[in-house]
>>> print(open('target10.txt').read())   # compact mmCIF, C-alpha atoms and all ligand atoms
# COMPACT_ATOMS: atom_id res chain seq x y z
CA MET A 9 -20.96 36.91 22.28
CA SER A 10 -18.66 34.47 20.57
CA ASP A 11 -16.78 33.36 23.72
CA ILE A 12 -20.02 32.38 25.42
CA ASN A 13 -21.00 30.58 22.23
CA VAL A 14 -17.85 28.46 22.30
CA VAL A 15 -18.25 27.55 25.97
CA GLY A 16 -21.97 26.95 25.51
CA LYS A 17 -21.33 24.58 22.64
CA ALA A 18 -18.65 22.72 24.58
CA LEU A 19 -21.08 22.22 27.47
CA GLU A 20 -23.79 21.09 25.10
CA ILE A 21 -21.46 18.41 23.76
CA LEU A 22 -20.38 17.26 27.23
CA LYS A 23 -23.99 16.95 28.32
CA ALA A 24 -24.50 14.51 25.46
CA ARG A 25 -21.29 12.48 25.92
CA PRO A 26 -18.09 12.29 27.97
CA LEU A 27 -14.97 13.49 26.17
CA CYS A 28 -11.32 13.71 27.18
CA ASP A 29 -9.64 17.12 26.94
CA ARG A 30 -8.06 16.32 23.61
CA CYS A 31 -11.23 15.06 21.96
CA LEU A 32 -13.26 18.02 23.22
CA GLY A 33 -10.57 20.49 22.16
CA ARG A 34 -10.47 18.96 18.71
CA PHE A 35 -14.01 20.17 18.01
CA PHE A 36 -12.64 23.73 18.35
CA ALA A 37 -9.25 23.07 16.74
CA GLY A 38 -9.45 26.02 14.35
CA LEU A 39 -9.93 28.58 17.14
CA GLY A 40 -6.97 30.19 18.89
CA ARG A 41 -3.37 29.76 17.89
CA GLY A 42 -0.35 28.04 19.38
CA TRP A 43 -2.29 25.63 21.59
CA SER A 44 -2.78 21.91 21.41
CA ASN A 45 -6.28 20.49 21.41
CA LEU A 46 -5.42 19.14 24.83
CA GLU A 47 -5.05 22.70 26.10
CA ARG A 48 -8.21 23.85 24.30
CA GLY A 49 -10.27 21.09 25.88
CA ALA A 50 -8.84 21.67 29.36
CA ALA A 51 -9.47 25.44 29.13
CA LEU A 52 -13.08 24.98 28.04
CA LYS A 53 -13.74 22.50 30.84
CA LYS A 54 -12.25 24.80 33.50
CA VAL A 55 -14.39 27.74 32.34
CA ILE A 56 -17.45 25.50 32.41
CA VAL A 57 -16.66 24.37 35.99
CA MET A 58 -16.13 28.01 37.05
CA GLY A 59 -19.45 28.96 35.50
CA TYR A 60 -21.27 26.28 37.49
CA HIS A 61 -19.45 27.26 40.68
CA GLU A 62 -20.52 30.87 40.30
CA ARG A 63 -24.18 29.97 39.82
CA ILE A 64 -24.08 27.44 42.68
CA ARG A 65 -22.52 30.00 45.04
CA GLU A 66 -25.37 32.31 44.17
CA GLY A 67 -27.80 29.65 45.31
CA ASP A 68 -28.86 28.21 41.96
CA GLU A 69 -30.30 24.76 42.87
CA GLY A 70 -30.73 23.81 39.22
CA ALA A 71 -27.04 24.49 38.55
CA LEU A 72 -26.03 22.23 41.45
CA ARG A 73 -28.14 19.37 40.12
CA GLU A 74 -26.89 19.87 36.56
CA PHE A 75 -23.24 19.98 37.68
CA GLY A 76 -23.74 16.69 39.56
CA GLU A 77 -24.93 15.11 36.32
CA VAL A 78 -22.34 16.48 33.92
CA ALA A 79 -19.26 16.38 36.21
CA GLY A 80 -18.44 12.76 35.28
CA SER A 81 -18.33 13.70 31.61
CA ILE A 82 -16.08 16.68 32.32
CA GLY A 83 -13.67 14.46 34.22
CA VAL A 84 -10.78 15.40 36.51
CA HIS A 85 -11.19 19.18 36.09
CA ALA A 86 -14.54 18.82 37.91
CA SER A 87 -13.32 16.51 40.69
CA GLY A 88 -12.19 19.21 43.12
CA LEU A 89 -15.44 21.12 43.05
CA TYR A 90 -17.41 17.86 43.08
CA ARG A 91 -15.66 16.76 46.27
CA LEU A 92 -16.33 20.14 47.84
CA LEU A 93 -20.02 20.08 46.97
CA PHE A 94 -20.94 16.41 47.30
CA GLY A 95 -18.29 15.05 49.64
CA GLY A 96 -17.45 11.89 47.64
CA GLU A 97 -15.03 11.03 44.86
CA LEU A 98 -16.15 11.82 41.32
CA GLU A 99 -16.60 8.86 39.04
CA VAL A 100 -14.96 9.98 35.82
CA ARG A 101 -16.59 8.63 32.66
CA GLY A 102 -14.29 7.44 29.88
CA CYS A 103 -14.02 9.44 26.64
CA SER A 104 -16.71 8.33 24.23
CA LEU A 105 -14.44 8.84 21.21
CA CYS A 106 -11.04 7.52 22.25
CA GLY A 107 -11.65 5.80 25.58
CA GLY A 108 -8.98 8.10 27.02
CA LYS A 109 -6.31 6.34 24.96
CA LEU A 110 -5.47 9.00 22.38
CA ASP A 111 -2.71 10.72 24.36
CA GLY A 112 -0.96 7.44 25.02
CA PHE A 113 -1.46 6.41 21.43
CA ILE A 114 0.22 9.54 20.09
CA GLU A 115 3.10 9.18 22.54
CA GLU A 116 3.74 5.58 21.60
CA ALA A 117 3.28 6.23 17.87
CA VAL A 118 5.98 8.90 18.08
CA VAL A 119 8.52 6.58 19.67
CA ARG A 120 7.76 3.58 17.49
CA GLY A 121 7.45 5.68 14.35
CA PHE A 122 10.83 7.26 14.92
CA LYS A 123 12.46 3.86 15.43
CA LEU A 124 10.94 2.58 12.21
CA LEU A 125 11.99 5.65 10.21
CA SER A 126 15.54 5.47 11.49
CA LEU A 127 15.77 1.83 10.42
CA TYR A 128 15.58 3.15 6.87
CA GLY A 129 17.83 6.13 7.41
CA VAL A 130 14.97 8.52 6.67
CA SER A 131 15.28 12.19 7.57
CA ARG A 132 12.40 13.78 5.60
CA PHE A 133 8.99 12.19 6.04
CA VAL A 134 5.23 12.61 6.11
CA VAL A 135 2.70 10.86 8.31
CA GLY A 136 -0.37 9.06 7.01
CA VAL A 137 -3.09 7.91 9.40
CA ARG A 138 -5.68 5.18 9.03
CA VAL A 139 -8.77 5.53 11.23
CA PRO A 140 -11.83 3.24 11.27
CA ARG A 141 -14.57 4.69 9.12
CA GLY A 142 -17.13 4.42 11.94
CA LEU A 143 -15.11 6.75 14.17
CA LEU A 144 -14.74 9.38 11.44
CA GLU A 145 -18.47 9.26 10.79
CA LEU A 146 -19.26 9.61 14.50
CA GLU A 147 -17.05 12.73 14.73
CA GLU A 148 -18.72 14.22 11.72
CA SER A 149 -22.20 13.60 13.08
CA ILE A 150 -21.32 15.24 16.42
CA ALA A 151 -19.95 18.30 14.61
CA LEU A 152 -23.07 18.48 12.49
CA GLN A 153 -25.41 18.01 15.42
CA HIS A 154 -23.84 20.90 17.39
CA GLY A 155 -23.29 23.21 14.43
CA LEU A 156 -19.48 23.15 14.81
CA ARG A 157 -17.40 24.62 11.99
CA TYR A 158 -13.86 24.74 13.32
CA TRP A 159 -13.26 21.10 14.20
CA GLU A 160 -10.71 18.70 12.84
CA SER A 161 -10.82 14.93 12.63
CA ILE A 162 -8.85 12.56 14.78
CA ARG A 163 -6.94 11.67 11.64
CA GLY A 164 -5.71 15.24 11.18
CA GLU A 165 -4.75 15.52 14.82
CA VAL A 166 -2.78 12.26 14.97
CA ARG A 167 -1.05 13.13 11.70
CA ARG A 168 0.04 16.55 12.94
CA GLU A 169 0.93 15.62 16.50
CA VAL A 170 2.97 12.56 15.55
CA GLY A 171 4.78 14.50 12.81
CA LYS A 172 5.45 17.49 15.07
CA ALA A 173 6.74 15.40 17.96
CA ILE A 174 9.08 13.31 15.78
CA GLU A 175 10.37 16.57 14.35
CA SER A 176 10.97 18.37 17.63
CA ARG A 177 12.18 15.41 19.71
CA PHE A 178 14.27 13.52 17.20
CA GLY A 179 15.30 16.13 14.64
CA LEU A 180 13.68 14.52 11.59
CA LYS A 181 11.79 16.81 9.24
CA VAL A 182 8.21 16.73 7.99
CA ASP A 183 8.50 17.48 4.26
CA PHE A 184 5.40 17.45 2.07
CA GLU A 185 7.36 18.47 -1.02
CA ASP A 186 9.96 15.75 -1.15
CA PRO A 187 9.49 13.16 1.58
CA GLU A 188 11.80 10.16 1.75
CA ALA A 189 9.12 8.05 3.37
CA MET A 190 5.55 7.99 4.57
CA LEU A 191 4.98 6.68 8.07
CA VAL A 192 1.55 5.06 8.03
CA VAL A 193 -0.03 4.82 11.48
CA SER A 194 -3.23 2.88 12.11
CA TYR A 195 -5.43 4.14 14.92
CA PRO A 196 -6.19 2.63 17.38
CA ASP A 197 -4.43 -0.69 16.87
CA PHE A 198 -0.83 0.58 16.56
CA SER A 199 -0.01 -1.32 13.41
CA MET A 200 2.54 0.79 11.58
CA GLU A 201 4.42 0.68 8.34
CA VAL A 202 6.88 2.78 6.42
CA VAL A 203 6.40 3.34 2.72
CA ILE A 204 9.85 4.24 1.46
CA ALA A 205 10.19 6.63 -1.45
CA SER A 206 12.63 5.65 -4.15
CA LEU A 207 16.14 7.06 -4.11
CA PHE A 208 17.17 8.74 -7.36
CA ILE A 209 20.81 9.02 -8.33
CA ARG A 210 21.88 10.90 -11.43
CA GLY A 211 24.93 10.05 -13.41
CA ARG A 212 26.04 8.41 -16.65
CA TYR A 213 27.09 5.01 -17.87
CA TRP A 214 29.64 3.57 -20.23
CA LYS A 215 29.22 0.22 -21.93
CA VAL A 216 32.68 -1.00 -22.71
CA GLY A 217 31.67 -4.39 -24.14
CA ARG A 218 29.19 -5.43 -26.82
CA MET A 219 26.11 -7.64 -26.53
CA ILE A 220 24.95 -5.85 -23.42
CA SER A 221 21.39 -4.58 -23.29
CA GLN A 222 20.33 -1.55 -21.33
CA ALA A 223 17.29 -3.07 -19.62
CA TYR A 224 17.14 -6.48 -18.05
CA TRP A 225 15.95 -8.80 -20.84
CA PRO A 226 14.40 -11.91 -19.33
CA THR A 227 13.77 -15.10 -21.30
CA VAL A 228 12.68 -18.59 -20.27
CA GLY A 229 16.26 -19.73 -19.78
CA GLY A 230 17.44 -16.59 -17.95
CA ALA A 231 18.53 -13.20 -19.21
CA ARG A 232 19.02 -12.96 -22.99
CA TYR A 233 21.96 -10.60 -22.60
CA TYR A 234 23.89 -9.19 -19.72
CA SER A 235 22.41 -5.75 -19.05
CA ILE A 236 23.26 -2.39 -17.56
CA GLU A 237 20.37 -2.92 -15.14
CA GLN A 238 21.86 -6.22 -13.98
CA ALA A 239 25.18 -4.52 -13.36
CA LEU A 240 23.37 -1.84 -11.36
CA TYR A 241 21.54 -4.41 -9.27
CA SER A 242 24.81 -4.99 -7.48
CA ILE A 243 24.36 -1.67 -5.69
CA LEU A 244 21.41 -3.16 -3.81
CA GLU A 245 23.98 -5.11 -1.81
CA VAL A 246 25.19 -1.77 -0.50
CA LEU A 247 21.94 0.19 -0.33
CA GLY A 248 19.43 -2.54 0.45
CA GLY A 249 16.19 -2.01 -1.40
CA GLU A 250 13.89 -4.02 -3.59
CA SER A 251 14.81 -3.25 -7.16
CA ILE A 252 16.50 -0.92 -9.61
CA VAL A 253 14.96 0.99 -12.48
CA LEU A 254 17.12 2.72 -15.02
CA HIS A 255 15.84 5.97 -16.55
CA ALA A 256 18.02 6.85 -19.49
CA SER A 257 18.14 9.42 -22.27
CA GLY A 258 17.62 6.97 -25.12
CA ARG A 259 19.45 3.70 -25.59
CA GLU A 260 22.00 2.17 -27.90
CA ASP A 261 21.70 -1.21 -29.62
CA VAL A 262 22.70 -4.33 -27.74
CA ASP A 263 25.76 -4.73 -29.96
CA ALA A 264 26.82 -1.08 -29.77
CA ARG A 265 29.25 0.15 -27.16
CA MET A 266 28.66 3.37 -25.24
CA LEU A 267 31.96 5.20 -24.99
CA GLY A 268 33.15 8.78 -24.91
CA SER A 269 30.90 11.05 -22.90
CA GLY A 270 28.78 8.23 -21.47
CA ARG A 271 25.00 8.31 -21.45
CA PRO A 272 23.07 10.39 -18.87
CA VAL A 273 20.84 8.33 -16.60
CA ILE A 274 18.92 8.44 -13.40
CA VAL A 275 19.12 5.26 -11.36
CA GLU A 276 16.01 4.66 -9.27
CA VAL A 277 16.51 2.48 -6.21
CA LYS A 278 13.19 1.25 -4.82
CA ALA A 279 12.77 1.06 -1.04
CA PRO A 280 16.43 1.62 -0.16
CA ARG A 281 17.78 1.22 3.37
CA VAL A 282 20.43 3.87 2.86
CA ARG A 283 19.55 7.37 1.70
CA ARG A 284 22.93 9.08 1.69
CA PRO A 285 25.03 6.66 -0.27
CA ASP A 286 28.76 6.71 -0.81
CA LEU A 287 28.63 7.20 -4.58
CA GLY A 288 32.25 6.25 -5.12
CA LEU A 289 31.64 2.91 -3.43
CA LEU A 290 28.61 2.27 -5.66
CA GLU A 291 30.68 3.02 -8.76
CA ARG A 292 33.30 0.49 -7.66
CA VAL A 293 30.68 -2.16 -6.93
CA VAL A 294 29.16 -1.82 -10.41
CA ARG A 295 32.53 -1.96 -12.10
CA GLU A 296 33.53 -5.07 -10.17
CA SER A 297 30.28 -6.94 -10.58
CA SER A 298 30.27 -6.36 -14.35
CA GLY A 299 33.90 -7.32 -14.76
CA GLY A 300 34.60 -3.80 -15.99
CA LEU A 301 32.12 -4.04 -18.89
CA VAL A 302 29.77 -1.50 -17.36
CA ILE A 303 31.09 1.68 -15.80
CA VAL A 304 28.99 4.29 -14.05
CA LYS A 305 29.85 7.72 -12.79
CA LEU A 306 27.36 8.86 -10.16
CA GLU A 307 27.12 12.62 -9.82
CA GLY A 308 24.57 13.20 -7.08
CA LEU A 309 21.02 12.72 -5.95
CA ALA A 310 18.02 13.68 -8.06
CA ARG A 311 14.28 13.95 -7.55
CA ARG A 312 11.45 12.03 -9.12
CA LYS A 313 10.46 15.06 -11.17
CA ASP A 314 13.87 15.04 -12.88
CA VAL A 315 13.20 11.61 -14.41
CA LYS A 316 10.91 12.98 -17.08
CA ALA A 317 13.61 15.23 -18.50
CA TYR A 318 16.08 12.36 -18.65
CA LYS A 319 13.67 10.03 -20.40
CA GLU A 320 12.54 12.38 -23.11
CA GLU A 321 14.29 11.89 -26.40
CA VAL A 322 14.43 15.64 -26.93
CA ALA A 323 16.76 15.73 -23.95
CA VAL A 324 19.44 14.50 -26.30
CA ARG A 325 20.42 17.16 -28.79
CA SER A 326 22.92 15.24 -30.83
CA LYS A 327 25.03 12.12 -30.81
CA ILE A 328 28.32 11.17 -32.38
CA TYR A 329 28.79 7.57 -33.50
CA ARG A 330 31.71 5.58 -34.74
CA ALA A 331 30.70 2.93 -37.29
CA LEU A 332 32.73 0.23 -38.98
CA VAL A 333 31.12 -0.16 -42.42
CA ALA A 334 31.57 -2.77 -45.14
CA VAL A 335 30.76 -1.69 -48.69
CA ASP A 336 30.10 -4.26 -51.43
CA GLY A 337 32.85 -4.12 -54.04
CA GLY A 338 35.18 -1.94 -51.94
CA VAL A 339 35.45 1.85 -51.71
CA SER A 340 37.21 4.49 -53.75
CA LEU A 341 38.14 8.01 -52.70
CA GLU A 342 35.27 9.15 -54.87
CA ASP A 343 32.92 7.04 -52.70
CA LEU A 344 34.18 8.76 -49.56
CA ARG A 345 33.50 12.16 -51.15
CA LEU A 346 30.00 11.01 -52.08
CA LEU A 347 29.29 10.05 -48.48
CA GLU A 348 30.33 13.51 -47.30
CA LEU A 349 27.60 14.95 -49.48
CA LEU A 350 25.29 13.67 -46.75
CA ASN A 351 26.52 16.43 -44.39
CA GLY A 352 23.57 18.50 -43.24
CA VAL A 353 20.80 16.52 -44.94
CA THR A 354 17.49 15.63 -43.34
CA VAL A 355 16.93 11.90 -43.17
CA LEU A 356 13.42 10.50 -43.51
CA GLN A 357 13.26 7.27 -41.63
CA ARG A 358 10.42 4.82 -41.44
CA THR A 359 10.55 2.73 -38.25
CA PRO A 360 13.17 0.03 -38.98
CA ARG A 361 11.86 -3.46 -39.57
CA ARG A 362 14.03 -4.86 -36.77
CA VAL A 363 12.23 -2.80 -34.12
CA LEU A 364 8.71 -2.89 -35.62
CA ARG A 365 7.66 -5.42 -33.00
CA ARG A 366 8.18 -2.87 -30.24
CA ARG A 367 7.69 0.48 -31.99
CA ARG A 368 4.92 2.14 -33.95
CA ASP A 369 5.42 2.23 -37.72
CA ILE A 370 5.91 5.94 -38.41
CA ILE A 371 8.12 8.11 -40.54
CA ARG A 372 10.45 10.32 -38.55
CA SER A 373 12.61 13.11 -39.79
CA ARG A 374 16.09 13.50 -38.27
CA LYS A 375 19.02 15.73 -38.98
CA LEU A 376 22.33 14.26 -40.13
CA TYR A 377 24.90 16.88 -39.17
CA GLN A 378 28.14 15.38 -40.32
CA VAL A 379 29.70 12.28 -41.86
CA LYS A 380 33.43 11.71 -41.93
CA CYS A 381 34.89 8.48 -43.33
CA ARG A 382 38.32 6.97 -43.80
CA PRO A 383 39.34 3.75 -45.53
CA ILE A 384 40.54 0.90 -43.30
CA ALA A 385 41.28 -2.02 -45.62
CA GLY A 386 39.52 -3.62 -48.57
CA PRO A 387 35.76 -3.03 -48.28
CA LEU A 388 36.00 -1.55 -44.76
CA ILE A 389 35.65 2.09 -43.86
CA GLU A 390 35.41 3.78 -40.49
CA CYS A 391 32.90 6.62 -40.18
CA LEU A 392 32.24 9.29 -37.59
CA ILE A 393 28.59 10.26 -37.81
CA LYS A 394 26.97 13.15 -35.96
CA THR A 395 23.17 13.09 -35.91
CA SER A 396 20.26 14.48 -33.95
CA GLY A 397 18.94 12.17 -31.22
CA GLY A 398 16.66 9.33 -32.27
CA LEU A 399 18.15 8.49 -35.69
CA TYR A 400 18.70 4.78 -36.32
CA VAL A 401 22.29 4.70 -37.56
CA LYS A 402 22.44 1.10 -38.82
CA GLU A 403 19.56 1.88 -41.17
CA LEU A 404 21.15 5.16 -42.20
CA ILE A 405 23.98 2.97 -43.47
CA ASN A 406 22.14 0.01 -45.03
CA GLY A 407 18.99 1.89 -46.09
CA ASP A 408 16.61 -0.74 -44.70
CA ASP A 409 15.38 -1.58 -48.22
CA GLY A 410 14.47 2.01 -48.95
CA ARG A 411 12.73 2.70 -45.65
CA THR A 412 15.51 5.17 -44.71
CA LYS A 413 16.27 7.89 -47.23
CA PRO A 414 18.91 8.91 -48.06
CA SER A 415 21.29 6.19 -46.89
CA PHE A 416 24.90 5.10 -47.51
CA THR A 417 23.60 2.26 -49.70
CA GLU A 418 21.54 4.69 -51.79
CA VAL A 419 24.31 7.26 -52.19
CA LEU A 420 26.95 4.67 -53.13
CA GLY A 421 24.66 2.60 -55.31
CA ARG A 422 26.02 -0.50 -53.56
CA ARG A 423 25.12 -2.29 -50.41
CA ALA A 424 26.72 -0.83 -47.27
CA GLU A 425 26.45 -2.61 -43.92
CA CYS A 426 27.29 -1.51 -40.39
CA LEU A 427 29.53 -4.10 -38.73
CA GLU A 428 30.30 -2.34 -35.47
CA LEU A 429 28.77 0.66 -33.81
CA ASP A 430 29.90 2.75 -30.86
CA VAL A 431 28.30 5.79 -29.34
CA LEU A 432 31.07 8.28 -28.70
CA HIS A 433 29.19 11.32 -27.50
CA VAL A 434 25.76 12.21 -26.19
CA GLU A 435 25.15 15.93 -26.17
CA GLU A 436 22.78 16.78 -23.37
CA HIS A 437 19.98 19.24 -23.25
CA PRO A 438 20.86 22.02 -20.76
CA ALA A 439 17.96 20.82 -18.57
CA LEU A 440 20.03 17.77 -17.65
CA SER A 441 23.04 19.69 -16.51
CA THR A 442 21.19 21.79 -13.92
CA PRO A 443 20.62 19.28 -11.14
CA THR A 444 18.23 20.12 -8.32
CA GLN A 445 20.64 19.17 -5.58
ZN ZN A 501 -10.75 11.22 23.74
>>> encode(input="target10.txt", output="structure tokens", more="lines below")
Ligand SMILES: [Zn+2]
Amino acid sequence: MSDINVVGKALEILKARPLCDRCLGRFFAGLGRGWSNLERGAALKKVIVMGYHERIREGDEGALREFGEVAGSIGVHASGLYRLLFGGELEVRGCSLCGGKLDGFIEEAVVRGFKLLSLYGVSRFVVGVRVPRGLLELEESIALQHGLRYWESIRGEVRREVGKAIESRFGLKVDFEDPEAMLVVSYPDFSMEVVIASLFIRGRYWKVGRMISQAYWPTVGGARYYSIEQALYSILEVLGGESIVLHASGREDVDARMLGSGRPVIVEVKAPRVRRPDLGLLERVVRESSGGLVIVKLEGLARRKDVKAYKEEVAVRSKIYRALVAVDGGVSLEDLRLLELLNGVTVLQRTPRRVLRRRRDIIRSRKLYQVKCRPIAGPLIECLIKTSGGLYVKELINGDDGRTKPSFTEVLGRRAECLELDVLHVEEHPALSTPTQ
């Protein structure tokens, strides 16, 4: 019968080594529901003691002798009967796996773990547990030796019990899907750390000035240009944290402004101290620290899995640019009509020479939806250009010595050069406008 089997195995183990209730119960963790291992172990021990008592009352001398030997390994549950039978106090032997310290360890880990998590404002977490390899191997060998199949390791038990207790006593939530932090507990030495997950904030930015790069651009003498990332670093003063990473749908040139619709981004804050930020405050801090050159609008929180969609170039369906263009020898109305012939063409563009250092030399094909130009003065025209994402507009204008075809230079038969460029509109892929929270 299976119940006898379970009790028999428990006794077999206790004859070989003393175990506390929790450590004994853990070897049968997968049996029964709604109990702690502490309760499992205590129940098994009580049944074992009752079994001995029955045999002893029926005059079994062998059972009396055996009980005298194993009682110390059973511990307090055997002390009453021991006193009755032998008259003296039972000498309880310490647990051979945890030294009787596991209960206290879990209790203290719960309190200290909660304090640490609340320091970082965490409400969704998971627990990780480090256990000395030797202890895990010992558990495994005991399970193997006694043919046990429903045991769990001390690591699993500490992980679950600490998580459960922090949940029920302090209202935090164990969340395997989207944890804000991992509480790493080391058994048995109590060292503890919190690994904080990044905070992701979705929104968009505007670059009102020129000569601002998107990413921080370090050189020997400091940053080459002021950058959007630098402006965003100011939010660390509010949120704490180690660093900022900007995940954007494409980028504009350093000398191009980003106006109009703004550019969709996810701002990743690494190891933040605050998880429910006041977004309006962050927007103000960025605006002030950049002297108004960088403006962000923060729309809400995002998840790590959203980053991919934001970073993919396909996320951007089309863009509208404003370009100030100088044409050698000036422009006639006929020239402007010629440029409008570019509406709807497919542009073949070999990677521009100015970015060859960073990008692979390939030929890409991009759609040019619409070109609309008006004369300004002398050789200057202003153009609105709508293209698919990923087209290099400066080269569309100057032709990059024939690497971009067709181009303004080619169509006009005279050199055209982009003097100023602004991004006016970034049309987003629908995936970006369906936030997860
Ligand atoms: Zn133990």
>>> atom_distance(input="target10.txt", atom1="CA of Glu99 in chain A", atom2="CA of Ser44 in chain A")
25.9 Å
>>> residues_around(input="target10.txt", residues="Trp225 in chain A", least_positions_apart="4", cutoff="12 Å", atoms="all atoms listed in the file", output="list in words")
Met219, Ile220, Ser221, Gly229, Gly230, Ala231, Arg232, Tyr233, Tyr234, Ser235, Ile236, Glu237, Gln238 and Val262 of chain A
>>> closest_residue(input="target10.txt", among="A:Lys375, A:Lys54, A:Arg101, A:Arg65", to="ligand ZN 501 (chain A)", atoms="only C-alpha atoms and all ligand atoms")
A:Arg101
>>> residues_near_ligand(input="target10.txt", ligand="ligand ZN 501 (chain A)", cutoff="7 Å", atoms="only C-alpha atoms and all ligand atoms", output="list in words")
Leu27, Cys28, Asp29, Arg30, Cys31, Cys103, Ser104, Leu105, Cys106, Gly107, Gly108, Lys109 and Leu110 of chain A
>>> closest_residue(input="target10.txt", among="A:Ser298, A:Gln222, A:Ser199, A:Gln357", to="Asp263 in chain A", atoms="all atoms listed in the file")
A:Gln222
>>> closest_residue(input="target10.txt", among="A:Glu160, A:Ala86, A:Ala310, A:Leu344", to="Val55 in chain A", atoms="all atoms listed in the file")
A:Ala86
>>> residues_near_point(input="target10.txt", point="(8.0, 7.0, -37.5)", cutoff="9 Å", atoms="all atoms listed in the file", output="PyMOL selection string")
chain A and resi 356-360+367-373
>>> write_last_selection(input="target10.txt", atoms="C-alpha atoms", output="mmCIF file, in the coordinates of the input")
data_model
loop_
_atom_site.group_PDB
_atom_site.id
_atom_site.type_symbol
_atom_site.label_atom_id
_atom_site.label_comp_id
_atom_site.auth_asym_id
_atom_site.auth_seq_id
_atom_site.Cartn_x
_atom_site.Cartn_y
_atom_site.Cartn_z
ATOM 1 C CA LEU A 356 13.420 10.500 -43.510
ATOM 2 C CA GLN A 357 13.260 7.270 -41.630
ATOM 3 C CA ARG A 358 10.420 4.820 -41.440
ATOM 4 C CA THR A 359 10.550 2.730 -38.250
ATOM 5 C CA PRO A 360 13.170 0.030 -38.980
ATOM 6 C CA ARG A 367 7.690 0.480 -31.990
ATOM 7 C CA ARG A 368 4.920 2.140 -33.950
ATOM 8 C CA ASP A 369 5.420 2.230 -37.720
ATOM 9 C CA ILE A 370 5.910 5.940 -38.410
ATOM 10 C CA ILE A 371 8.120 8.110 -40.540
ATOM 11 C CA ARG A 372 10.450 10.320 -38.550
ATOM 12 C CA SER A 373 12.610 13.110 -39.790
#
>>> axis_aligned_box(input="target10.txt", around="range 13-16 of chain A", padding_each_side="8 Å", output="AutoDock Vina command-line options")
--center_x -19.9 --center_y 28.8 --center_z 24.1 --size_x 20.1 --size_y 19.6 --size_z 19.7
>>> atom_distance(input="target10.txt", atom1="CA of Tyr60 in chain A", atom2="CA of Trp43 in chain A")
24.8 Å
>>> closest_residue(input="target10.txt", among="A:Val119, A:Leu427, A:Ile209, A:Val419", to="Leu309 in chain A", atoms="only C-alpha atoms")
A:Ile209
>>> closest_residue(input="target10.txt", among="A:Asp286, A:Asp111, A:Ala79, A:Val228", to="Glu97 in chain A", atoms="only C-alpha atoms")
A:Ala79
>>> atom_distance(input="target10.txt", atom1="CA of Leu240 in chain A", atom2="CA of Lys394 in chain A")
29.0 Å
>>> closest_atom_pairs(input="target10.txt", of="range 275-315 of chain A", to="range 186-198 of chain A", cutoff="12 Å", atoms="all atoms listed in the file", output="JSON lines")
{"residue": "A:Lys278", "atom": "CA", "partner": "A:Glu188", "partner_atom": "CA", "distance": 11.2}
{"residue": "A:Ala279", "atom": "CA", "partner": "A:Ala189", "partner_atom": "CA", "distance": 9.0}
{"residue": "A:Pro280", "atom": "CA", "partner": "A:Glu188", "partner_atom": "CA", "distance": 9.9}
{"residue": "A:Arg281", "atom": "CA", "partner": "A:Glu188", "partner_atom": "CA", "distance": 10.9}
{"residue": "A:Val282", "atom": "CA", "partner": "A:Glu188", "partner_atom": "CA", "distance": 10.7}
{"residue": "A:Arg283", "atom": "CA", "partner": "A:Glu188", "partner_atom": "CA", "distance": 8.2}
{"residue": "A:Arg284", "atom": "CA", "partner": "A:Glu188", "partner_atom": "CA", "distance": 11.2}
{"residue": "A:Ala310", "atom": "CA", "partner": "A:Asp186", "partner_atom": "CA", "distance": 10.8}
{"residue": "A:Arg311", "atom": "CA", "partner": "A:Asp186", "partner_atom": "CA", "distance": 7.9}
{"residue": "A:Arg312", "atom": "CA", "partner": "A:Asp186", "partner_atom": "CA", "distance": 8.9}
{"residue": "A:Lys313", "atom": "CA", "partner": "A:Asp186", "partner_atom": "CA", "distance": 10.1}
>>> residues_around(input="target10.txt", residues="Tyr241 in chain A", least_positions_apart="2", cutoff="10 Å", atoms="only C-alpha atoms", output="list in words")
Ser235, Ile236, Glu237, Gln238, Ala239, Ile243, Leu244, Glu245, Val246, Gly249, Glu250, Ser251, Ile252, Val253, Val277, Val293, Val294 and Ser297 of chain A
>>> residues_around(input="target10.txt", residues="range 401-403 of chain A", least_positions_apart="5", cutoff="9 Å", atoms="only C-alpha atoms", output="CSV table (one decimal) with C-alpha atoms, in the frame of the given file")
chain,number,residue,atom,x,y,z
A,329,TYR,CA,28.8,7.6,-33.5
A,331,ALA,CA,30.7,2.9,-37.3
A,357,GLN,CA,13.3,7.3,-41.6
A,360,PRO,CA,13.2,0.0,-39.0
A,393,ILE,CA,28.6,10.3,-37.8
A,395,THR,CA,23.2,13.1,-35.9
A,408,ASP,CA,16.6,-0.7,-44.7
A,409,ASP,CA,15.4,-1.6,-48.2
A,411,ARG,CA,12.7,2.7,-45.6
A,412,THR,CA,15.5,5.2,-44.7
A,415,SER,CA,21.3,6.2,-46.9
A,416,PHE,CA,24.9,5.1,-47.5
A,425,GLU,CA,26.4,-2.6,-43.9
A,426,CYS,CA,27.3,-1.5,-40.4
A,427,LEU,CA,29.5,-4.1,-38.7
A,429,LEU,CA,28.8,0.7,-33.8
>>> residues_around(input="target10.txt", residues="Leu388 in chain A", least_positions_apart="4", cutoff="8 Å", atoms="all atoms listed in the file", output="NGL selection string")
:A and (332-335 or 338-339 or 383-384)
